[in-house]
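S.K.: Below you will find the structure I want to go over with you.
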Amino acid sequence: MFDTLLQNLINAMQWGSFYSLIALGYTLVYGVLLLINFAHGDIVMVGSYIAFFVATLFLGHYDLFPVALPGPLVLALTVPLTMILTALVGVTLERIAYRPLRRKGAHRLYVVITALMCGLILENGNLALLGASRKKFPELVDKVIYTAGGVSVTNLKIAVILTAVLVFVGLHLIVTKTRMGMAMRAISYDKFAVPLMGIPIDTVIVFTFVLGSSMAGLAGILFALSYPILDPYMGLSIGWKAFIAAVVGGIGDIRGAFAGGFILGFVEIMVVAFFPSTYRDLFAFTILLIILTLRPTGLFGVPKTTKV
Amino acid sequence: MTVLHIDGLTMHFSGLSALEGFNTRLADGGLTALIGPNGAGKTTVFNLVSGFYQPTAGSISFLDRPLAGLKPHQVTARGIARTFQNIRLWKDMTVLDNLRLARHHRLGYGITDVFRRGGRYRRGEDGIEAEAMELLETFKLTAAAYERPKNLPYGVQRKVELARALISRPRLLLLDEPAAGLTSRDVVELIDLIRWIHETFRLTIWMIEHQMKVVMNLCSRITVIDFGRIIAEGTPEEIRNDPEVIRAYLGDDKL
Amino acid sequence: MPTTRIPPRQRLTLPLLLAALLAGIMALAYFEVIDLYIQTIILFIGINIIISSSLNLVNGHMGEFSCGHAGFVAVGAYVSSVITVALFTSDRVFGPPLLPPQLAPLGFPLALLAGGAAAAVAGLLVALPSFRTRGDYLAIITIAANYIIITTVINIDTIGGARGFMGMKRVIFAMEEVAEIPWMVLWVFTFTILSLIAIRRFVSSTYGKGIIAIQQDEVAAEMMGVNTNRIKLVAFMLSSGLAGIAGGLYAHVIGYVNPKSFDILKSTEAMVMVYLGGMGSISGAVLSAILFTLLLEALRPLQIIKWIVIPLLLIILMQFRPEGIMGNRELTDIFPRLKKLHRFK
């Protein structure tokens with residue numbers, strides 16, 4: 001009994017790590033622009049596919065690069081390359097779709113709808129380009145299973161959890177300690193004061209998208225390593241859920257996104273442990289609805305005081 | 001007769017005290033001012049009276065009935081109307097609609113009538129429209145009836161806001177800095193307008209105002225607060241010579 | 001100042017035009033001048049008009065951001081389908097018809113209204129939290145509501161669970177037994193017009209304009225005497241109730257429902273129609289529903305590319321016209337002559 005609980009706890013940590021990584025991307029963009037970047041889940045999917053192509057390239061699957069490198073080296077190359085390329089995708093979206101709308105002073109919701117549309121394009125563009133056959137992500141590192149009592153942990157799970165924690169700590173440091181991070185926080189308070197600090201707004205926004213999208217890329221790689229079957233709609237449901245996790249934590253707050261992701265992970269794994277898996281979403285969303293009804297601005301969110 | 005009776009009103013915002021033991025009585029038909037330096041807690045008093053905040057302690061009763069626990073729209077229905085420091089009209093709706101909506105608590109018809117559109121609906125809407133147009137006429141705003149507030153000059157917006165407050169037929173009117181942002185010519189006009197409203201509608205007026213010209217010209221009683229506490233209360237003459245008040249305003253040339 | 005108003009003479013041009021249009025489409029369908037495919041597109045247009053104009057009530061007029069409209073469509077679809085199938089057909093799960101199938105033409109609109117009522121009750125899932133929160137936090141609640149409704153359906157095996165629910169075609173057959181006319185054309189048309197009348201009457205009354213006041217300044221609305229909670233409740237329930245009616249119509253047009261057809265993607269379609277048309281414009285919502293439905297059909301041969309072309313078109317459209325087709329204006333504001341057609345009470 002205790003073993004199963006512990007095992008589930010570890011699984012929940014891993015599952016929650018994915019949500020956290022993705023929720024961090026949502027919350028960064030939201031914190032700066034007040035924009036719900038609904039394409040973010042699909043950027044995670046793009047990250048997985050980029051990782052797939054980069055990895056298979058270095059494994060010598062294409063004529064372009066006929067040499068097969070060893071797995072761990074491939075992984076070491078795939079991580080930074082994927083993060084960079086995914087960041088490029090995110091920044092491209094911002095440049096061609098969001099920024100012009102912002103310049104025109106369009107209603108915030110039109111930007112949100114644009115983001116939704118970008119997500120659809122990414123999903124279906126992928127489907128149109130690569131066809132419906134699913135891609136199998138190669139195994140880059142040999143699986144090692146550590147068992148203690150009835151509980152088993154793989155090296156991958158440890159890596160996923162560690163990465164999520166490190167990314168959180170890193171982001172927290174960036175946002176609280178660096179000049180750019182302060183500019184990011186300042187922008188959400190006062191768009192006009194930031195240029196006075198000597199940093200152009202657009203630079204801050206691009207930096208935010210770089211950070212958020214590279215986190216999405218990282219989540220994409222880890223997801224592909226853990227669940228190696230890729231499909232174009234994989235980002236859809238995990239993206240929406242991660243967004244909800246971000247909100248439950250208190251959107252715009254990095255600690256909130258991190259905590260919210262883990263809460264959602266725990267709820268989902270625990271529901272599946274005791275109920276049929278079809279109940280997972282029902283329970284998860286009902287709990288989230290209750291949390292948000294009781295704490296309308298999320299766990300870490302500060303209620304906005306309305307001034308009269 | 002006392003219209004408004006405030007007793008020991010206290011308001012804390014997450015530990016910070018904004019108002020401490022505020023007492024006052026407003027006599028029926030009076031024209032009273034609430035003054036004090038910026039951040040003294042004046043608007044907090046108004047927000048408490050209009051039900052936007054619930055007090056930490058203390059009581060407010062209006063026409064001998066306590067207001068505790070009422071939501072703002074219920075307070076309005078009891079007969080307290082207000083204006084806002086920075087005009088809060090519905091900027092994208094016509095002036096006429098702005099007035100009609102302020103009668104929302106007394107429409108004379110219910111939700112089913114909205115869809116049935118029978119005689120009760122017509123009578124209700126016609127009555128509201130007639131009343132709104134009449135009020136606009138007395139405010140010489142008929143020409144602006146179908147304009148949107150965002151396209152009107154600031155001074156006119158102030159007048160529309162006053163008209164909107166009056167259409168709910170209040171017994172007590174709270175004016176939160178009615179002269180803020182007005183040109184000096186507009187201020188002279190506003191003083192006449194408020195006096196005229198006071199006489200015509202025979203209501204009690206309580207106003208927050210920084211411009212002493214307005215206060216001294218209109219009000220028979222003045223309450224001064226600073227740091228959430230009352231520091232003086234009396235006639236304009238008494239207030240002008242009160243050492244506490246002078247100290248609170250020291251460096252401020254308004255007095 | 002007593003105002004003596006001469007009651008405006010009702011101009012009936014618009015009702016007459018609509019009646020002629022309905023008779024025309026029914027005749028064309030009856031004599032099979034237009035085939036089933038075109039009929040279905042016309043029916044989808046009507047259903048989408050209800051969906052977009054009802055969501056517009058919340059997202060446009062009231063200025064909230066509901067992303068889960070399809071959930072309420074689902075409630076209406078399932079509830080009305082289960083009622084009609086159980087009452088008028090013999091079904092594997094629900095057994096022989098509980099009422100004589102000859103009553104189907106009478107029972108059908110009542111079942112639709114029951115579906116709408118159930119959806120309105122489901123609207124409480126969103127309406128009650130809206131008392132305390134708004135904006136993006138409310139948006140999440142609507143998404144969660146959408147998921148909750150769908151997963152609830154998936155977990156009810158009696159109505160087919162994830163496999164879906166069918167048998168509604170037999171309800172149509174039961175109606176056709178009574179009279180051989182294109183029933184769904186009649187029902188969709190009637191309920192589309194009734195929905196539009198309801199929405200129009202709501203937002204043009206001082207009562208309903210309370211939601212526009214909420215959109216422009218909620219604090220002022222509450223302070224000036226608008227019972228914001230009550231009017232939000234009414235608006236959310238009206239919106240989700242109409243969505244439920246659209247769902248019932250959709251289920252009977254298709255003859256089969258499946259929880260997946262009411263997921264977030266469907267809600268996205270509804271949002272697209274609202275923002276394409278213009279927030280707070282009823283004629284915008286109608287126009288965009290027509291355009292969007294036709295566009296979906298016109299691009300059908302493109303298959304999967306369709307779902308690249310449509311979002312792309314929308315992105316481009318939003319770049320050039322960020323306020324939607326109509327902005328917050330109505331057709332009668334742009335073409336005042338249209339007012340001559342009909343005087344809206």
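Just so we're on the same page: first chain in the structure tokens is A, next is B, and so on; residues restart at 1 for each chain, and ligands are numbered from 1 in the order they show up.
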Tell me as an NGL selection string which residues belonging to chain C come within 12 Å of chain B, counting only C-alpha atoms.
M.R.: :C and (1-7 or 61 or 194-231 or 233-235 or 238 or 280 or 328-329 or 344-345)
S.K.: Write out as CSV the residues of chain A that have any atom within 9 Å of an atom of chain C, one row each with the nearest atom pair and its distance in Å to one decimal, counting only C-alpha atoms, sorted by chain and then rising number.
M.R.:
```
residue,atom,partner,partner_atom,distance
A:Ile36,CA,C:Asp136,CA,8.2
A:Ala97,CA,C:Ile315,CA,7.2
A:Pro100,CA,C:Gln319,CA,7.0
A:Leu101,CA,C:Gln319,CA,6.1
A:Lys104,CA,C:Pro322,CA,7.9
A:Gly105,CA,C:Pro322,CA,8.6
A:Ala106,CA,C:Pro322,CA,5.5
A:His107,CA,C:Pro322,CA,7.4
A:Leu109,CA,C:Phe65,CA,7.9
A:Tyr110,CA,C:Pro322,CA,6.8
A:Val111,CA,C:Met318,CA,8.6
A:Ile113,CA,C:Val272,CA,7.0
A:Thr114,CA,C:Ile315,CA,5.7
A:Ala115,CA,C:Ile315,CA,8.9
A:Leu116,CA,C:Thr268,CA,7.7
A:Met117,CA,C:Pro311,CA,4.8
A:Cys118,CA,C:Pro311,CA,7.0
A:Gly119,CA,C:Pro311,CA,8.9
A:Leu120,CA,C:Pro311,CA,6.8
A:Ile121,CA,C:Ile308,CA,4.9
A:Leu122,CA,C:Ile308,CA,8.2
A:Glu123,CA,C:Ile308,CA,8.7
A:Asn124,CA,C:Ile308,CA,6.1
A:Gly125,CA,C:Ile308,CA,6.2
A:Leu127,CA,C:Ile304,CA,7.5
A:Ala128,CA,C:Ile304,CA,6.3
A:Trp240,CA,C:Ile143,CA,8.5
A:Phe243,CA,C:Ile140,CA,8.4
A:Ile244,CA,C:Ile140,CA,6.3
A:Val247,CA,C:Tyr137,CA,6.9
A:Val248,CA,C:Tyr137,CA,8.8
A:Ile251,CA,C:Tyr137,CA,8.6
A:Thr278,CA,C:Asn155,CA,6.7
A:Tyr279,CA,C:Asn155,CA,7.1
A:Arg280,CA,C:Thr151,CA,8.6
A:Asp281,CA,C:Thr151,CA,6.5
A:Leu282,CA,C:Ile148,CA,5.2
A:Phe283,CA,C:Ile148,CA,8.1
A:Ala284,CA,C:Ile148,CA,8.8
A:Phe285,CA,C:Ala144,CA,5.4
A:Thr286,CA,C:Ile148,CA,6.6
A:Leu288,CA,C:Ala144,CA,7.5
A:Leu289,CA,C:Ile141,CA,6.1
A:Leu292,CA,C:Ile141,CA,7.5
A:Thr293,CA,C:Pro129,CA,5.7
A:Leu294,CA,C:Pro129,CA,8.9
A:Pro296,CA,C:Thr133,CA,5.7
A:Thr297,CA,C:Tyr137,CA,6.7
A:Gly298,CA,C:Tyr137,CA,8.3
A:Thr306,CA,C:Val219,CA,8.3
A:Val308,CA,C:Val219,CA,7.9
```
S.K.: Please write the residues from the selection above to a file, keeping N, CA and C atoms, as a short mmCIF file (atom, residue, chain, number, x, y, z; two decimals), in the first residue's frame.
M.R.:
```
data_model
loop_
_atom_site.label_atom_id
_atom_site.label_comp_id
_atom_site.auth_asym_id
_atom_site.auth_seq_id
_atom_site.Cartn_x
_atom_site.Cartn_y
_atom_site.Cartn_z
N ILE A 36 -2.85 35.39 -23.25
CA ILE A 36 -2.92 33.94 -23.11
C ILE A 36 -2.42 33.37 -24.43
N ALA A 97 2.59 37.47 -36.03
CA ALA A 97 1.16 37.43 -35.70
C ALA A 97 0.77 38.37 -34.57
N PRO A 100 2.12 42.81 -34.76
CA PRO A 100 1.37 43.79 -35.55
C PRO A 100 0.02 44.15 -34.91
N LEU A 101 -0.63 43.15 -34.31
CA LEU A 101 -1.91 43.42 -33.67
C LEU A 101 -1.73 44.35 -32.48
N LYS A 104 -1.38 47.82 -33.52
CA LYS A 104 -2.62 48.47 -33.95
C LYS A 104 -3.54 48.73 -32.77
N GLY A 105 -3.14 48.27 -31.59
CA GLY A 105 -3.99 48.48 -30.43
C GLY A 105 -5.26 47.67 -30.48
N ALA A 106 -5.20 46.47 -31.09
CA ALA A 106 -6.39 45.63 -31.20
C ALA A 106 -6.82 45.17 -29.82
N HIS A 107 -8.08 44.85 -29.68
CA HIS A 107 -8.61 44.32 -28.42
C HIS A 107 -7.79 43.08 -28.06
N LEU A 109 -8.48 40.34 -26.83
CA LEU A 109 -9.01 39.03 -27.18
C LEU A 109 -8.74 38.66 -28.63
N TYR A 110 -8.57 39.66 -29.49
CA TYR A 110 -8.25 39.34 -30.87
C TYR A 110 -6.85 38.72 -30.95
N VAL A 111 -5.97 39.18 -30.07
CA VAL A 111 -4.64 38.57 -30.04
C VAL A 111 -4.75 37.12 -29.56
N ILE A 113 -7.33 35.13 -29.95
CA ILE A 113 -7.88 34.33 -31.04
C ILE A 113 -6.79 34.04 -32.07
N THR A 114 -5.97 35.05 -32.35
CA THR A 114 -4.86 34.84 -33.27
C THR A 114 -3.96 33.72 -32.76
N ALA A 115 -3.71 33.72 -31.46
CA ALA A 115 -2.87 32.66 -30.89
C ALA A 115 -3.52 31.29 -31.11
N LEU A 116 -4.82 31.22 -30.89
CA LEU A 116 -5.54 29.96 -31.12
C LEU A 116 -5.37 29.51 -32.57
N MET A 117 -5.49 30.47 -33.48
CA MET A 117 -5.37 30.15 -34.90
C MET A 117 -3.96 29.67 -35.23
N CYS A 118 -2.96 30.32 -34.62
CA CYS A 118 -1.58 29.89 -34.85
C CYS A 118 -1.42 28.44 -34.41
N GLY A 119 -2.04 28.10 -33.28
CA GLY A 119 -1.97 26.72 -32.79
C GLY A 119 -2.56 25.75 -33.81
N LEU A 120 -3.72 26.13 -34.36
CA LEU A 120 -4.35 25.27 -35.37
C LEU A 120 -3.44 25.09 -36.58
N ILE A 121 -2.80 26.18 -36.98
CA ILE A 121 -1.92 26.09 -38.15
C ILE A 121 -0.75 25.15 -37.86
N LEU A 122 -0.18 25.28 -36.66
CA LEU A 122 0.94 24.41 -36.32
C LEU A 122 0.52 22.94 -36.34
N GLU A 123 -0.63 22.63 -35.71
CA GLU A 123 -1.09 21.23 -35.67
C GLU A 123 -1.34 20.69 -37.07
N ASN A 124 -2.19 21.43 -37.80
CA ASN A 124 -2.61 20.90 -39.08
C ASN A 124 -1.54 21.02 -40.15
N GLY A 125 -0.69 22.04 -39.99
CA GLY A 125 0.44 22.16 -40.90
C GLY A 125 1.34 20.94 -40.76
N LEU A 127 0.40 18.00 -39.71
CA LEU A 127 -0.30 16.86 -40.26
C LEU A 127 -0.20 16.85 -41.78
N ALA A 128 -0.34 18.04 -42.38
CA ALA A 128 -0.30 18.12 -43.84
C ALA A 128 1.10 17.81 -44.35
N TRP A 240 -3.63 22.86 -22.98
CA TRP A 240 -4.77 23.46 -22.28
C TRP A 240 -4.67 23.20 -20.79
N PHE A 243 -2.07 25.24 -19.09
CA PHE A 243 -2.55 26.61 -18.94
C PHE A 243 -3.43 26.73 -17.69
N ILE A 244 -4.32 25.73 -17.54
CA ILE A 244 -5.18 25.76 -16.36
C ILE A 244 -4.34 25.65 -15.09
N VAL A 247 -3.02 28.92 -14.20
CA VAL A 247 -4.02 29.81 -13.61
C VAL A 247 -4.33 29.41 -12.17
N VAL A 248 -4.39 28.11 -11.94
CA VAL A 248 -4.66 27.66 -10.58
C VAL A 248 -3.57 28.17 -9.64
N ILE A 251 -1.91 33.03 -12.39
CA ILE A 251 -1.18 33.25 -13.64
C ILE A 251 -0.36 34.53 -13.59
N THR A 278 -10.99 7.01 -17.35
CA THR A 278 -11.86 7.99 -18.00
C THR A 278 -12.32 9.08 -17.03
N TYR A 279 -12.14 8.81 -15.72
CA TYR A 279 -12.55 9.81 -14.73
C TYR A 279 -11.48 10.87 -14.50
N ARG A 280 -10.31 10.65 -15.12
CA ARG A 280 -9.18 11.54 -14.81
C ARG A 280 -9.52 13.01 -15.05
N ASP A 281 -9.95 13.32 -16.29
CA ASP A 281 -10.22 14.72 -16.61
C ASP A 281 -11.38 15.27 -15.79
N LEU A 282 -12.39 14.42 -15.59
CA LEU A 282 -13.57 14.88 -14.85
C LEU A 282 -13.16 15.35 -13.45
N PHE A 283 -12.39 14.50 -12.75
CA PHE A 283 -11.97 14.86 -11.39
C PHE A 283 -11.02 16.06 -11.43
N ALA A 284 -10.05 15.98 -12.33
CA ALA A 284 -9.04 17.04 -12.36
C ALA A 284 -9.72 18.40 -12.56
N PHE A 285 -10.62 18.46 -13.54
CA PHE A 285 -11.22 19.76 -13.83
C PHE A 285 -12.20 20.20 -12.75
N THR A 286 -12.88 19.23 -12.15
CA THR A 286 -13.80 19.62 -11.08
C THR A 286 -13.02 20.20 -9.91
N LEU A 288 -10.11 21.66 -10.06
CA LEU A 288 -9.61 22.97 -10.46
C LEU A 288 -10.72 24.02 -10.37
N LEU A 289 -11.92 23.61 -10.80
CA LEU A 289 -13.04 24.55 -10.75
C LEU A 289 -13.31 24.97 -9.31
N LEU A 292 -10.58 27.32 -8.06
CA LEU A 292 -10.71 28.67 -8.61
C LEU A 292 -11.95 29.39 -8.07
N THR A 293 -12.98 28.62 -7.70
CA THR A 293 -14.15 29.28 -7.15
C THR A 293 -13.84 29.78 -5.75
N LEU A 294 -13.04 29.01 -5.02
CA LEU A 294 -12.71 29.42 -3.66
C LEU A 294 -11.64 30.50 -3.64
N PRO A 296 -10.39 32.88 -6.32
CA PRO A 296 -10.59 33.28 -7.71
C PRO A 296 -9.31 33.72 -8.43
N THR A 297 -8.29 34.15 -7.71
CA THR A 297 -7.10 34.58 -8.43
C THR A 297 -5.98 33.57 -8.30
N GLY A 298 -6.31 32.34 -7.97
CA GLY A 298 -5.29 31.30 -7.91
C GLY A 298 -4.56 31.30 -6.59
N THR A 306 -9.84 46.93 -6.92
CA THR A 306 -10.45 47.87 -7.85
C THR A 306 -10.48 49.22 -7.18
N VAL A 308 -11.86 53.06 -6.90
CA VAL A 308 -13.03 53.84 -7.30
C VAL A 308 -12.65 55.30 -7.33
#
```
S.K.: Residues within 12 Å of A:Ala273, please, as number ranges by chain. Count only C-alpha atoms; anything in the same chain fewer than 3 positions from it doesn't count.
M.R.: A: 1, 4-9, 11-12, 266-270, 276-280
S.K.: Just the number, please: distance in Å from atom CA of A:Ala159 to atom CA of A:Gln14, one decimal.
M.R.: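 Distance reported for this atom pair: 9.1 Å.
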S.K.: Any idea what the distance is between atom CA of A:Ile287 and atom CA of C:Gly60?
M.R.: 28.8 Å
S.K.: Using DSSP on the backbone coordinates, identify the residues of stretch 39-246 of chain A assigned to strand (DSSP E); present them as an MDAnalysis selection string.
M.R.: chainID A and resid 135:136 145:148 151:154 229:230
S.K.: Could you please take those selected residues and save C-alpha atoms as a PDB file, in the first residue's frame?
M.R.:
```pdb
ATOM      1  CA  LYS A 135       6.722   9.188 -35.443  1.00  0.00           C
ATOM      2  CA  LYS A 136       8.574   7.019 -32.975  1.00  0.00           C
ATOM      3  CA  ILE A 145      15.811   1.290 -13.411  1.00  0.00           C
ATOM      4  CA  TYR A 146      16.571   1.790  -9.757  1.00  0.00           C
ATOM      5  CA  THR A 147      14.401  -0.228  -7.390  1.00  0.00           C
ATOM      6  CA  ALA A 148      14.053   0.139  -3.669  1.00  0.00           C
ATOM      7  CA  VAL A 151       9.243   1.356  -5.775  1.00  0.00           C
ATOM      8  CA  SER A 152      11.066   1.805  -9.060  1.00  0.00           C
ATOM      9  CA  VAL A 153      12.496   4.928 -10.602  1.00  0.00           C
ATOM     10  CA  THR A 154      14.082   5.302 -14.015  1.00  0.00           C
ATOM     11  CA  ILE A 229       5.054   8.231 -29.898  1.00  0.00           C
ATOM     12  CA  LEU A 230       4.632  11.671 -31.433  1.00  0.00           C
TER      13      LEU A 230
END
```
S.K.: For stretch 22-27 of chain B, please output as number ranges by chain all residues within 8 Å (counting only C-alpha atoms; exclusion window: fewer than 4 positions along the same chain).
M.R.: B: 1-10, 32, 204, 228-230
S.K.: Report, in Å to a single decimal, how far apart atom CA of C:Ala77 and atom CA of C:Gly244 are.
M.R.: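 Interatomic distance here is 6.4 Å.
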S.K.: Find, counting only C-alpha atoms, the residue in B:Glu238, B:Asp176, B:Glu199, B:Asp192 that gets nearest to chain A.
M.R.: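 Answer, going by the shortest atom-to-atom distance: B:Asp176.
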S.K.: Write out as a list of chain:residue names the residues lying within 10 Å of A:Leu73, counting only C-alpha atoms and excluding same-chain residues fewer than 4 positions away.
M.R.: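 Listing them by chain and then by number gives A:Ala55, A:Phe58, A:Leu59, A:Leu69, A:Leu77, A:Thr78, A:Leu140, A:Val141.
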S.K.: Once you have the residues from the selection above, write them out as a compact mmCIF listing (two decimals), in the first residue's frame, restricted to N, CA, C and O atoms.
M.R.:
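Contents of the output file result02.txt:
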```txt
# COMPACT_ATOMS: atom_id res chain seq x y z
N ALA A 55 17.46 14.62 -33.56
CA ALA A 55 18.03 13.38 -33.03
C ALA A 55 18.26 12.37 -34.15
O ALA A 55 19.35 11.77 -34.25
N PHE A 58 21.29 13.23 -36.29
CA PHE A 58 22.59 12.86 -35.74
C PHE A 58 22.76 11.35 -35.58
O PHE A 58 23.86 10.85 -35.41
N LEU A 59 21.64 10.64 -35.62
CA LEU A 59 21.73 9.18 -35.57
C LEU A 59 22.01 8.62 -36.96
O LEU A 59 22.06 7.41 -37.15
N LEU A 69 26.06 9.13 -34.61
CA LEU A 69 26.77 9.46 -33.38
C LEU A 69 26.21 8.61 -32.25
O LEU A 69 25.08 8.14 -32.31
N LEU A 77 23.51 17.08 -28.05
CA LEU A 77 23.36 18.02 -29.16
C LEU A 77 21.90 18.42 -29.35
O LEU A 77 21.58 19.57 -29.69
N THR A 78 21.02 17.44 -29.14
CA THR A 78 19.59 17.68 -29.40
C THR A 78 19.01 18.74 -28.47
O THR A 78 18.26 19.61 -28.91
N LEU A 140 17.56 7.37 -26.87
CA LEU A 140 18.92 7.91 -26.96
C LEU A 140 19.81 7.45 -25.83
O LEU A 140 21.01 7.29 -25.99
N VAL A 141 19.20 7.27 -24.67
CA VAL A 141 20.00 6.84 -23.52
C VAL A 141 19.40 5.54 -23.00
O VAL A 141 18.18 5.40 -22.96
```
S.K.: Name all residues at most 8 Å from C:Met166 (count only C-alpha atoms; drop same-chain ones fewer than 6 positions away) and give them as a PyMOL selection string.
M.R.: chain C and resi 255-257
S.K.: Env of B:Ser184: 12 Å cut, atoms = only C-alpha atoms, seq-sep filter 3 positions within chain, self excluded. Answer as an mmCIF file with all heavy atoms, in the first residue's frame.
M.R.:
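selection-v4.cif, written as the output of this step:
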```cif
data_model
loop_
_atom_site.group_PDB
_atom_site.id
_atom_site.type_symbol
_atom_site.label_atom_id
_atom_site.label_comp_id
_atom_site.auth_asym_id
_atom_site.auth_seq_id
_atom_site.Cartn_x
_atom_site.Cartn_y
_atom_site.Cartn_z
ATOM 1 N N GLY B 155 -16.317 68.835 -18.990
ATOM 2 C CA GLY B 155 -17.306 69.542 -18.185
ATOM 3 C C GLY B 155 -18.702 68.991 -18.400
ATOM 4 O O GLY B 155 -19.483 68.827 -17.457
ATOM 5 N N ALA B 179 -15.606 69.055 -8.716
ATOM 6 C CA ALA B 179 -14.953 70.121 -9.462
ATOM 7 C C ALA B 179 -13.607 69.696 -10.039
ATOM 8 O O ALA B 179 -12.956 70.470 -10.726
ATOM 9 C CB ALA B 179 -14.773 71.347 -8.568
ATOM 10 N N ALA B 180 -13.213 68.434 -9.776
ATOM 11 C CA ALA B 180 -11.888 68.005 -10.241
ATOM 12 C C ALA B 180 -11.810 68.056 -11.760
ATOM 13 O O ALA B 180 -12.704 67.588 -12.458
ATOM 14 C CB ALA B 180 -11.602 66.586 -9.751
ATOM 15 N N GLY B 181 -10.764 68.676 -12.253
ATOM 16 C CA GLY B 181 -10.519 68.689 -13.684
ATOM 17 C C GLY B 181 -11.321 69.725 -14.453
ATOM 18 O O GLY B 181 -11.283 69.755 -15.678
ATOM 19 N N VAL B 187 -16.158 75.750 -13.004
ATOM 20 C CA VAL B 187 -16.346 75.625 -11.560
ATOM 21 C C VAL B 187 -17.441 76.577 -11.088
ATOM 22 O O VAL B 187 -18.317 76.194 -10.304
ATOM 23 C CB VAL B 187 -15.021 75.888 -10.809
ATOM 24 C CG1 VAL B 187 -15.271 75.997 -9.308
ATOM 25 C CG2 VAL B 187 -14.024 74.784 -11.098
ATOM 26 N N VAL B 188 -17.424 77.797 -11.594
ATOM 27 C CA VAL B 188 -18.460 78.764 -11.214
ATOM 28 C C VAL B 188 -19.827 78.210 -11.591
ATOM 29 O O VAL B 188 -20.778 78.238 -10.801
ATOM 30 C CB VAL B 188 -18.207 80.116 -11.926
ATOM 31 C CG1 VAL B 188 -19.343 81.084 -11.599
ATOM 32 C CG2 VAL B 188 -16.864 80.682 -11.522
ATOM 33 N N GLU B 189 -19.903 77.656 -12.794
ATOM 34 C CA GLU B 189 -21.158 77.089 -13.256
ATOM 35 C C GLU B 189 -21.585 75.923 -12.367
ATOM 36 O O GLU B 189 -22.754 75.777 -12.024
ATOM 37 C CB GLU B 189 -20.982 76.613 -14.701
ATOM 38 C CG GLU B 189 -22.283 76.516 -15.468
ATOM 39 C CD GLU B 189 -22.068 75.883 -16.834
ATOM 40 O OE1 GLU B 189 -21.044 76.200 -17.480
ATOM 41 O OE2 GLU B 189 -22.903 75.051 -17.238
ATOM 42 N N LEU B 190 -20.579 75.101 -11.976
ATOM 43 C CA LEU B 190 -20.874 73.924 -11.159
ATOM 44 C C LEU B 190 -21.452 74.331 -9.807
ATOM 45 O O LEU B 190 -22.403 73.731 -9.311
ATOM 46 C CB LEU B 190 -19.602 73.099 -10.952
ATOM 47 C CG LEU B 190 -19.802 71.864 -10.092
ATOM 48 C CD1 LEU B 190 -20.283 70.708 -10.947
ATOM 49 C CD2 LEU B 190 -18.533 71.469 -9.359
ATOM 50 N N ILE B 191 -20.889 75.406 -9.219
ATOM 51 C CA ILE B 191 -21.389 75.853 -7.917
ATOM 52 C C ILE B 191 -22.867 76.202 -8.025
ATOM 53 O O ILE B 191 -23.694 75.763 -7.216
ATOM 54 C CB ILE B 191 -20.571 77.086 -7.426
ATOM 55 C CG1 ILE B 191 -19.130 76.640 -7.140
ATOM 56 C CG2 ILE B 191 -21.214 77.705 -6.189
ATOM 57 C CD1 ILE B 191 -18.199 77.771 -6.785
ATOM 58 N N GLN B 211 -11.360 71.987 -3.828
ATOM 59 C CA GLN B 211 -11.362 73.419 -4.132
ATOM 60 C C GLN B 211 -12.190 74.166 -3.095
ATOM 61 O O GLN B 211 -13.402 74.025 -3.018
ATOM 62 C CB GLN B 211 -11.930 73.654 -5.528
ATOM 63 C CG GLN B 211 -11.108 72.956 -6.579
ATOM 64 C CD GLN B 211 -11.308 73.551 -7.942
ATOM 65 O OE1 GLN B 211 -11.642 74.737 -8.074
ATOM 66 N NE2 GLN B 211 -11.101 72.739 -8.965
ATOM 67 N N LYS B 213 -13.035 77.120 -2.879
ATOM 68 C CA LYS B 213 -14.038 78.031 -3.416
ATOM 69 C C LYS B 213 -15.403 77.343 -3.449
ATOM 70 O O LYS B 213 -16.417 77.919 -3.037
ATOM 71 C CB LYS B 213 -13.622 78.433 -4.841
ATOM 72 C CG LYS B 213 -14.491 79.518 -5.437
ATOM 73 C CD LYS B 213 -13.807 80.203 -6.604
ATOM 74 C CE LYS B 213 -14.339 79.702 -7.916
ATOM 75 N NZ LYS B 213 -13.617 80.211 -9.076
ATOM 76 N N VAL B 214 -15.401 76.088 -3.887
ATOM 77 C CA VAL B 214 -16.651 75.337 -3.976
ATOM 78 C C VAL B 214 -17.205 75.076 -2.574
ATOM 79 O O VAL B 214 -18.373 75.340 -2.277
ATOM 80 C CB VAL B 214 -16.427 74.001 -4.709
ATOM 81 C CG1 VAL B 214 -17.721 73.223 -4.816
ATOM 82 C CG2 VAL B 214 -15.834 74.247 -6.083
#
```
